[in-house]
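final09.txt (compact mmCIF, C-alpha atoms) appears below.
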# COMPACT_ATOMS: atom_id res chain seq x y z
CA MET A 9 29.59 5.07 -20.79
CA SER A 10 26.07 3.91 -19.98
CA GLU A 11 24.90 0.70 -21.64
CA LYS A 12 22.05 1.46 -24.07
CA PHE A 13 19.45 -0.78 -25.70
CA ASN A 14 21.10 -0.59 -29.09
CA ASN A 15 24.22 -2.22 -27.63
CA LEU A 16 22.18 -5.30 -26.72
CA PRO A 17 21.61 -8.25 -29.08
CA MET A 18 18.39 -7.76 -31.06
CA GLU A 19 16.62 -10.63 -29.28
CA GLU A 20 17.31 -8.99 -25.89
CA ARG A 21 16.03 -5.51 -26.73
CA PRO A 22 12.80 -4.89 -24.74
CA TYR A 23 11.47 -2.22 -27.12
CA GLU A 24 11.66 -4.54 -30.10
CA ARG A 25 10.24 -7.45 -28.08
CA CYS A 26 7.32 -5.27 -26.99
CA ILE A 27 6.55 -4.31 -30.60
CA ARG A 28 6.67 -7.96 -31.68
CA HIS A 29 4.96 -9.60 -28.72
CA GLY A 30 3.13 -6.85 -26.85
CA ALA A 31 3.90 -5.49 -23.37
CA GLU A 32 2.31 -8.55 -21.79
CA GLY A 33 5.03 -10.65 -23.41
CA LEU A 34 7.81 -8.89 -21.50
CA SER A 35 9.26 -10.21 -18.26
CA ASN A 36 9.38 -8.05 -15.13
CA ARG A 37 13.06 -7.44 -15.81
CA GLU A 38 12.34 -6.26 -19.36
CA LEU A 39 9.48 -3.99 -18.28
CA LEU A 40 11.72 -2.34 -15.71
CA ALA A 41 14.56 -2.06 -18.25
CA VAL A 42 12.27 -0.09 -20.59
CA LEU A 43 11.66 2.38 -17.78
CA LEU A 44 15.35 2.65 -16.81
CA ARG A 45 16.51 2.99 -20.47
CA THR A 46 20.24 2.82 -19.71
CA GLY A 47 22.49 0.68 -17.58
CA THR A 48 25.78 1.64 -15.99
CA LYS A 49 29.44 0.95 -16.65
CA GLY A 50 29.91 -2.80 -16.74
CA ARG A 51 26.19 -3.55 -16.31
CA THR A 52 23.63 -3.64 -19.13
CA VAL A 53 20.23 -2.12 -18.50
CA LEU A 54 18.74 -5.63 -18.31
CA GLU A 55 21.31 -6.65 -15.70
CA LEU A 56 20.64 -3.47 -13.72
CA ALA A 57 16.89 -4.16 -13.82
CA GLY A 58 17.51 -7.70 -12.61
CA ASP A 59 19.68 -6.39 -9.76
CA LEU A 60 16.91 -4.02 -8.66
CA LEU A 61 14.27 -6.74 -8.61
CA LYS A 62 16.47 -8.78 -6.24
CA LEU A 63 17.24 -5.96 -3.81
CA VAL A 64 14.79 -7.31 -1.22
CA PRO A 65 15.52 -11.08 -1.16
CA GLU A 66 12.50 -11.99 0.97
CA LYS A 67 10.18 -10.12 -1.44
CA GLU A 68 11.78 -10.34 -4.88
CA GLY A 69 10.17 -8.43 -7.72
CA PHE A 70 8.03 -5.29 -7.73
CA THR A 71 6.65 -6.13 -4.29
CA GLY A 72 10.15 -5.83 -2.86
CA LEU A 73 10.82 -2.58 -4.71
CA ARG A 74 7.72 -1.05 -3.13
CA ARG A 75 9.37 -1.41 0.26
CA LEU A 76 12.35 0.75 -0.71
CA ASN A 77 12.31 4.51 -0.28
CA LEU A 78 13.83 7.03 -2.68
CA GLU A 79 17.10 7.23 -0.76
CA GLU A 80 17.55 3.45 -0.82
CA LEU A 81 16.79 3.22 -4.54
CA SER A 82 18.96 6.17 -5.55
CA SER A 83 21.94 4.74 -3.64
CA VAL A 84 22.09 1.76 -6.04
CA PRO A 85 24.96 2.26 -8.54
CA GLY A 86 23.50 3.30 -11.89
CA ILE A 87 20.13 4.42 -10.50
CA GLY A 88 20.48 7.90 -9.00
CA THR A 89 17.70 10.28 -8.07
CA ILE A 90 15.96 10.59 -11.46
CA LYS A 91 15.66 6.86 -12.08
CA ALA A 92 14.62 6.31 -8.45
CA VAL A 93 11.79 8.83 -8.88
CA GLN A 94 10.72 7.12 -12.13
CA VAL A 95 10.61 3.72 -10.42
CA LYS A 96 8.62 5.05 -7.44
CA CYS A 97 6.15 6.79 -9.75
CA MET A 98 5.73 3.63 -11.84
CA LEU A 99 4.98 1.59 -8.71
CA GLU A 100 2.54 4.21 -7.42
CA LEU A 101 0.78 4.28 -10.80
CA ALA A 102 0.38 0.50 -10.68
CA ARG A 103 -0.96 0.71 -7.12
CA ARG A 104 -3.55 3.34 -8.02
CA MET A 105 -4.69 1.41 -11.09
CA ALA A 106 -5.16 -1.72 -8.99
CA ARG A 107 -7.16 0.22 -6.40
CA GLU A 108 -9.39 1.82 -9.03
CA GLU A 109 -10.23 -1.61 -10.44
CA ALA A 110 -10.78 -3.12 -6.99
CA LYS A 111 -12.98 -0.27 -5.77
CA THR A 112 -15.79 -1.09 -8.20
CA GLY A 113 -16.46 -4.35 -6.37
CA VAL A 114 -15.74 -3.40 -2.76
CA CYS A 115 -18.56 -3.40 -0.22
CA PHE A 116 -17.73 -1.18 2.74
CA GLN A 117 -20.18 -3.08 4.92
CA THR A 118 -18.27 -6.37 4.60
CA PRO A 119 -15.02 -6.71 6.62
CA ALA A 120 -13.52 -9.25 4.21
CA SER A 121 -14.14 -6.97 1.24
CA ILE A 122 -12.64 -3.95 3.02
CA ALA A 123 -9.60 -5.96 4.12
CA GLU A 124 -9.02 -7.26 0.61
CA TYR A 125 -9.27 -3.77 -0.87
CA TYR A 126 -6.67 -2.27 1.50
CA MET A 127 -4.48 -5.36 1.93
CA GLU A 128 -1.82 -4.47 -0.67
CA ASP A 129 -1.65 -0.88 0.52
CA LEU A 130 -1.12 -1.72 4.16
CA ARG A 131 0.60 -5.07 4.50
CA HIS A 132 3.88 -3.83 2.97
CA ASN A 133 4.31 -0.94 5.40
CA GLU A 134 7.17 -1.42 7.84
CA GLN A 135 5.54 1.03 10.25
CA GLU A 136 2.05 0.91 11.67
CA VAL A 137 -0.30 3.27 9.88
CA MET A 138 -3.89 4.00 10.79
CA LEU A 139 -6.55 4.83 8.24
CA LEU A 140 -9.94 6.37 8.97
CA LEU A 141 -12.84 5.47 6.67
CA MET A 142 -15.89 7.74 6.82
CA LEU A 143 -19.22 6.45 5.58
CA ASN A 144 -22.79 7.64 5.18
CA GLN A 145 -25.95 5.97 6.50
CA LYS A 146 -26.01 3.50 3.60
CA GLY A 147 -22.40 2.46 4.09
CA ARG A 148 -21.04 4.37 1.10
CA LEU A 149 -17.48 5.62 1.50
CA LEU A 150 -17.42 9.40 1.73
CA ARG A 151 -13.71 9.88 2.37
CA GLU A 152 -10.62 8.20 3.73
CA THR A 153 -7.67 9.76 5.51
CA TYR A 154 -4.45 8.55 7.11
CA LEU A 155 -4.31 9.52 10.77
CA PHE A 156 -0.65 8.82 11.49
CA LYS A 157 2.36 6.56 11.13
CA GLY A 158 3.91 4.87 14.13
CA THR A 159 2.93 2.52 16.92
CA VAL A 160 -0.81 2.49 17.59
CA ASN A 161 -1.32 3.46 21.21
CA ALA A 162 -3.92 5.24 23.26
CA SER A 163 -1.88 8.44 23.59
CA MET A 164 -1.33 8.89 19.85
CA VAL A 165 -4.83 8.09 18.61
CA SER A 166 -6.94 11.14 19.36
CA PRO A 167 -10.73 10.61 19.33
CA ARG A 168 -11.04 14.39 18.97
CA GLU A 169 -9.05 14.34 15.71
CA ILE A 170 -10.98 11.33 14.44
CA PHE A 171 -14.39 12.86 15.04
CA LEU A 172 -13.42 16.28 13.73
CA GLU A 173 -12.59 14.51 10.47
CA ALA A 174 -15.84 12.51 10.59
CA LEU A 175 -17.99 15.56 11.33
CA SER A 176 -16.37 17.59 8.55
CA SER A 177 -17.31 14.79 6.11
CA ARG A 178 -20.83 14.46 7.59
CA ALA A 179 -20.16 10.80 8.29
CA VAL A 180 -22.59 8.83 10.43
CA GLN A 181 -20.34 5.80 10.78
CA ILE A 182 -16.61 5.25 10.71
CA ILE A 183 -14.17 2.34 10.35
CA LEU A 184 -10.63 2.26 11.73
CA LEU A 185 -8.08 0.30 9.74
CA HIS A 186 -4.44 -0.31 10.59
CA ASN A 187 -1.65 -2.76 9.87
CA HIS A 188 0.66 -4.91 11.95
CA PRO A 189 4.10 -4.97 10.25
CA SER A 190 4.85 -8.26 12.03
CA GLY A 191 2.20 -9.91 9.87
CA ASP A 192 0.26 -11.11 12.92
CA ALA A 193 -3.18 -9.47 12.80
CA ARG A 194 -4.21 -10.39 16.35
CA PRO A 195 -5.16 -7.25 18.32
CA SER A 196 -2.89 -6.03 21.10
CA ARG A 197 -4.02 -4.63 24.43
CA GLU A 198 -3.40 -1.15 23.04
CA ASP A 199 -5.57 -1.91 20.00
CA LEU A 200 -8.44 -2.89 22.30
CA GLN A 201 -8.00 0.25 24.44
CA VAL A 202 -7.96 2.54 21.41
CA THR A 203 -11.07 0.89 20.03
CA ARG A 204 -13.01 1.28 23.28
CA ARG A 205 -12.06 4.97 23.58
CA VAL A 206 -13.15 5.74 20.02
CA GLU A 207 -16.35 3.70 20.38
CA GLU A 208 -17.37 5.53 23.57
CA ALA A 209 -16.62 8.96 22.06
CA GLY A 210 -18.67 8.05 18.99
CA LYS A 211 -21.68 7.18 21.09
CA LEU A 212 -21.67 10.66 22.59
CA LEU A 213 -21.58 12.26 19.13
CA GLY A 214 -23.98 9.89 17.39
CA ILE A 215 -21.31 8.53 15.05
CA THR A 216 -20.96 4.75 15.11
CA LEU A 217 -17.62 2.98 15.09
CA THR A 218 -18.74 0.19 12.77
CA ASP A 219 -15.49 -1.78 12.80
CA HIS A 220 -11.79 -1.75 13.51
CA ILE A 221 -9.88 -3.95 11.07
CA ILE A 222 -6.26 -4.99 11.54
CA ILE A 223 -4.31 -6.04 8.46
CA GLY A 224 -1.57 -8.66 8.72
CA GLU A 225 0.31 -10.69 6.10
CA HIS A 226 -2.52 -11.89 3.85
CA THR A 227 -4.81 -12.00 6.87
CA TYR A 228 -7.00 -9.66 8.88
CA VAL A 229 -8.97 -9.42 12.11
CA SER A 230 -12.29 -7.60 12.26
CA PHE A 231 -13.35 -6.40 15.70
CA ARG A 232 -16.96 -6.64 14.56
CA GLU A 233 -16.58 -10.26 13.46
CA LYS A 234 -14.81 -11.11 16.74
CA HIS A 235 -17.61 -9.36 18.70
CA TYR A 236 -15.22 -6.87 20.26
CA LEU A 237 -17.66 -4.17 19.12
Kindly present the structure from the file in structure tokens form.
Amino acid sequence: MSEKFNNLPMEERPYERCIRHGAEGLSNRELLAVLLRTGTKGRTVLELAGDLLKLVPEKEGFTGLRRLNLEELSSVPGIGTIKAVQVKCMLELARRMAREEAKTGVCFQTPASIAEYYMEDLRHNEQEVMLLLMLNQKGRLLRETYLFKGTVNASMVSPREIFLEALSSRAVQIILLHNHPSGDARPSREDLQVTRRVEEAGKLLGITLTDHIIIGEHTYVSFREKHYL
């Protein structure tokens, strides 16, 4: 039978602790336990929450959980599909809240500000993803869209697709943004080739490639700052 909160000692019950001390007084384990509600045979809900937070040893905590997909989460004894979906939705909610707060202060004309805004979204990806930012004449973000997942190379990045997106948004300038899962933000030869192709195509259409920013592990490289553009 699943282990419920009311089987725990009073001082270990997250609901009661939240009422007494507020949600901010709960540990990560207790916050996750509230979401999970029940443990499994032989494991209390608090123990199960603790196990989950240690699933990715090199990134313990919620950061590690973000790296796990639904299949990986649901395969953990006591989690299953429903709890896995709840965990993923909780993490996505936290991500969106953080982005909403960060967006109020981001300047899309400053590489450091752009990199900081997208850092948490991109640095955890285990695959390369490329994001297209479309801006107006004043540098205001009109729209963003993910172009693809996979290795960034000249054959996969289509200038035609990029500029169809930009034209449909009436953008006059664009920024390319992608991550390096290795954590090393230094541009590769392919990165430089892709950038040159997109820059040249933009000149023909009157849409400026303002920057190409590569996100690494708490670091970034701006092609504009490095004078590659």
Write out as a list in words each polymer residue whose atoms come within 12 Å of Leu213 (chain A), counting only C-alpha atoms; drop sequence neighbours fewer than 4 positions from it.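 In the requested form, the answer reads Pro167, Arg168, Ile170, Phe171, Leu172, Ala174, Leu175, Arg178, Ala179, Val180, Gln181, Val206, Glu207, Glu208, Ala209 and Leu217 of chain A.
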So which residues touch Asn133 (chain A) within 10 Å, counting only C-alpha atoms, skipping near sequence neighbours fewer than 4 positions away, as a ChimeraX atom specification? /A:74-75,128-129,137,157,187-190
Which residue is closest to Ile222 (chain A)? Choose from A:Arg45, A:Arg197, A:Arg131, A:Arg148 and count only C-alpha atoms. A:Arg131
Rank nothing, just name the residue among A:Ala92, A:Ile215, A:Leu40, A:Val84 nearest to Gly58 (chain A), using only C-alpha atoms.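 Answer, going by the shortest atom-to-atom distance: A:Leu40.
Proximity to Val42 (chain A) was assessed for A:Arg28, A:Lys91, A:Lys67, A:Arg107 counting only C-alpha atoms; the smallest distance is recorded for A:Lys91.
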Which neighbours of Thr71 (chain A) fall inside 10 Å, counting all atoms listed in the file, when residues of the same chain fewer than 6 positions from it are skipped, and could you give them as a list in words?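 In the requested format, the answer is Leu61, Val64, Leu99, Glu128 and His132 of chain A.
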Between A:Val165, A:Leu39, A:Ile122, A:Met127, single out the one closest to Gly147 (chain A), counting only C-alpha atoms. A:Ile122
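Taking CA of Tyr236 (chain A) and CA of Ile182 (chain A) as endpoints, the distance between them is 15.5 Å.
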With 8 Å of padding per side, what axis-aligned box (centre and edge lengths, Å, one decimal) covers all the listed atoms of region 51-66 of chain A? Give it as AutoDock Vina command-line options.
--center_x 19.3 --center_y -7.1 --center_z -9.1 --size_x 29.7 --size_y 25.9 --size_z 36.1
Could you complete region 217-236 of chain A so that it carries N, CA and C atoms, and give it back as a compact mmCIF listing (two decimals), in the coordinates of the input?
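Contents of result-v8.txt, as written:
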# COMPACT_ATOMS: atom_id res chain seq x y z
N LEU A 217 -18.83 3.70 15.51
CA LEU A 217 -17.62 2.98 15.09
C LEU A 217 -18.08 1.60 14.64
N THR A 218 -18.20 1.42 13.33
CA THR A 218 -18.74 0.19 12.77
C THR A 218 -17.77 -0.98 12.91
N ASP A 219 -16.47 -0.70 12.75
CA ASP A 219 -15.49 -1.78 12.80
C ASP A 219 -14.10 -1.20 13.00
N HIS A 220 -13.22 -2.03 13.47
CA HIS A 220 -11.79 -1.75 13.51
C HIS A 220 -11.14 -3.00 12.91
N ILE A 221 -10.46 -2.81 11.81
CA ILE A 221 -9.88 -3.95 11.07
C ILE A 221 -8.36 -3.85 11.12
N ILE A 222 -7.71 -4.93 11.52
CA ILE A 222 -6.26 -4.99 11.54
C ILE A 222 -5.78 -5.86 10.39
N ILE A 223 -4.85 -5.34 9.62
CA ILE A 223 -4.31 -6.04 8.46
C ILE A 223 -2.97 -6.67 8.81
N GLY A 224 -2.83 -7.97 8.55
CA GLY A 224 -1.57 -8.66 8.72
C GLY A 224 -1.05 -9.12 7.36
N GLU A 225 -0.25 -10.16 7.35
CA GLU A 225 0.31 -10.69 6.10
C GLU A 225 -0.72 -11.65 5.48
N HIS A 226 -1.47 -11.12 4.52
CA HIS A 226 -2.52 -11.89 3.85
C HIS A 226 -3.58 -12.40 4.83
N THR A 227 -3.78 -11.65 5.90
CA THR A 227 -4.81 -12.00 6.87
C THR A 227 -5.33 -10.73 7.52
N TYR A 228 -6.44 -10.83 8.20
CA TYR A 228 -7.00 -9.66 8.88
C TYR A 228 -7.81 -10.12 10.08
N VAL A 229 -8.05 -9.20 11.00
CA VAL A 229 -8.97 -9.42 12.11
C VAL A 229 -9.94 -8.27 12.15
N SER A 230 -11.22 -8.60 12.15
CA SER A 230 -12.29 -7.60 12.26
C SER A 230 -12.84 -7.63 13.68
N PHE A 231 -12.82 -6.46 14.34
CA PHE A 231 -13.35 -6.40 15.70
C PHE A 231 -14.84 -6.72 15.70
N ARG A 232 -15.53 -6.35 14.65
CA ARG A 232 -16.96 -6.64 14.56
C ARG A 232 -17.21 -8.14 14.47
N GLU A 233 -16.43 -8.81 13.61
CA GLU A 233 -16.58 -10.26 13.46
C GLU A 233 -16.21 -11.01 14.73
N LYS A 234 -15.25 -10.45 15.49
CA LYS A 234 -14.81 -11.11 16.74
C LYS A 234 -15.68 -10.68 17.95
N HIS A 235 -16.69 -9.83 17.67
CA HIS A 235 -17.61 -9.36 18.70
C HIS A 235 -16.91 -8.53 19.77
N TYR A 236 -15.83 -7.81 19.36
CA TYR A 236 -15.22 -6.87 20.26
C TYR A 236 -15.98 -5.53 20.24
